[in-house]
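All remarks here apply to the structure that follows.
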Amino acid sequence: MSDFIDRLNYTMADRISMRDLRFSLGLFLIVLSVPFFSFSGDLRLECILNNEGSCDLYKNIQIGSLTTMTIGMLLAILSRPGGTGIKAIDNYDEEKAFDLLVAGFDDEPTNDAVGVLKDGYEWLEYPTGSETWYTRPESGGPWTKYLG
């Protein structure tokens with residue numbers, strides 16, 4: 001039991017540290033991109049005023065900086081330690097979603113699956129449309145693959 005608790009504590013600490021890492025990375029990207037955005041904007045304006053030809057390089061640097069800032073803001077907002085304030089995002093459980101996805105690839109139906117009763121047995125085609133049938137007594141129990 002203590003091994004389970006140790007793993008649970010490690011997992012929770014790992015999730016918290018990953019959240020902190022994403023939050024810090026988001027802030028770093030914002031702080032890094034602001035000077036690039038500002039300086040390239042100044043150079044672009046100077047280029048336009050002096051009619052020095054193509055000023056696309058400065059525009060592209062600004063677009064890249066703006067994209068980096070946006071990614072940084074999303075990382076910081078969605079990973080901040082207090083949550084986002086959006087219940088759907090804060091309550092989203094990645095592990096539960098992964099478990100549900102993996103459960104869709106199980107080879108056998110779960111015991112709570114419901115089939116059709118016929119001649120004292122419950123019949124279930126699993127997965128639907130696969131023409132693979134499982135059966136169990138009408139009283140319930142584990143599913144058995146029908147080989148007939």
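Each chain in the structure tokens gets a letter, A, B, ..., in the order shown, and its residues are numbered from 1; ligands are numbered from 1 in order too.
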
For range 14-33 of chain A against range 55-70 of chain A, with a cut-off of 10 Å and counting only C-alpha atoms, what is the closest atom pair and its distance in Å to one decimal for every residue that makes the cut, ordered by chain and number, as JSON lines?
```
{"residue": "A:Gly26", "atom": "CA", "partner": "A:Met69", "partner_atom": "CA", "distance": 8.3}
{"residue": "A:Leu27", "atom": "CA", "partner": "A:Met69", "partner_atom": "CA", "distance": 8.9}
{"residue": "A:Phe28", "atom": "CA", "partner": "A:Met69", "partner_atom": "CA", "distance": 9.4}
{"residue": "A:Leu29", "atom": "CA", "partner": "A:Met69", "partner_atom": "CA", "distance": 6.2}
{"residue": "A:Ile30", "atom": "CA", "partner": "A:Met69", "partner_atom": "CA", "distance": 4.7}
{"residue": "A:Val31", "atom": "CA", "partner": "A:Met69", "partner_atom": "CA", "distance": 8.1}
{"residue": "A:Leu32", "atom": "CA", "partner": "A:Met69", "partner_atom": "CA", "distance": 8.3}
{"residue": "A:Ser33", "atom": "CA", "partner": "A:Ser65", "partner_atom": "CA", "distance": 5.1}
```

Just C-alpha atoms for this one: save the residues we selected as a compact mmCIF listing (two decimals), in the first residue's frame.
```
# COMPACT_ATOMS: atom_id res chain seq x y z
CA GLY A 26 5.42 30.44 -21.62
CA LEU A 27 6.68 33.43 -19.66
CA PHE A 28 10.17 32.97 -21.12
CA LEU A 29 8.81 32.98 -24.69
CA ILE A 30 6.85 36.16 -24.02
CA VAL A 31 9.84 37.96 -22.49
CA LEU A 32 12.14 36.75 -25.27
CA SER A 33 9.90 37.79 -28.16
```

(request) Mind checking which residues fall within 12 Å of Ser54 in chain A, counting only C-alpha atoms, ignoring those fewer than 5 positions away in the same chain, and posting them as a list in words? (result) Leu43, Arg44, Leu45, Glu46, Cys47, Ile48, Leu49, Lys59 and Asn60 of chain A

(message) I want to know what sits within 10 Å of Ser139 in chain A, based on only C-alpha atoms, with residues of the same chain fewer than 2 positions away left out; could you give that as a PyMOL selection string?
(response) chain A and resi 120-122+136-137+141

Could you turn the residues from that selection into a file that holds N, CA and C atoms, as a PDB file, in the first residue's frame?
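part-v8.pdb, written as the output of this step:
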```
ATOM      1  N   GLY A 120     -31.796 -18.458 -23.458  1.00  0.00           N
ATOM      2  CA  GLY A 120     -31.148 -18.534 -22.155  1.00  0.00           C
ATOM      3  C   GLY A 120     -29.730 -17.977 -22.116  1.00  0.00           C
ATOM      4  N   TYR A 121     -29.257 -17.447 -23.226  1.00  0.00           N
ATOM      5  CA  TYR A 121     -27.924 -16.851 -23.288  1.00  0.00           C
ATOM      6  C   TYR A 121     -28.022 -15.414 -23.792  1.00  0.00           C
ATOM      7  N   GLU A 122     -27.038 -14.631 -23.382  1.00  0.00           N
ATOM      8  CA  GLU A 122     -26.937 -13.251 -23.847  1.00  0.00           C
ATOM      9  C   GLU A 122     -25.864 -13.212 -24.930  1.00  0.00           C
ATOM     10  N   ARG A 136     -22.745 -15.296 -22.962  1.00  0.00           N
ATOM     11  CA  ARG A 136     -22.682 -15.581 -21.531  1.00  0.00           C
ATOM     12  C   ARG A 136     -24.065 -16.005 -21.077  1.00  0.00           C
ATOM     13  N   PRO A 137     -24.167 -16.687 -19.948  1.00  0.00           N
ATOM     14  CA  PRO A 137     -25.491 -17.092 -19.467  1.00  0.00           C
ATOM     15  C   PRO A 137     -26.374 -15.869 -19.190  1.00  0.00           C
ATOM     16  N   GLY A 141     -22.162 -12.748 -15.836  1.00  0.00           N
ATOM     17  CA  GLY A 141     -20.830 -13.349 -15.756  1.00  0.00           C
ATOM     18  C   GLY A 141     -19.936 -12.813 -16.849  1.00  0.00           C
TER      19      GLY A 141
END
```

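Here CA of Asn111 in chain A stands at a distance of 8.2 Å from CA of Gly140 in chain A.
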
(message) To one decimal place in Å, what is the distance between CA of Asn51 in chain A and CA of Phe37 in chain A?
(response) 20.9 Å
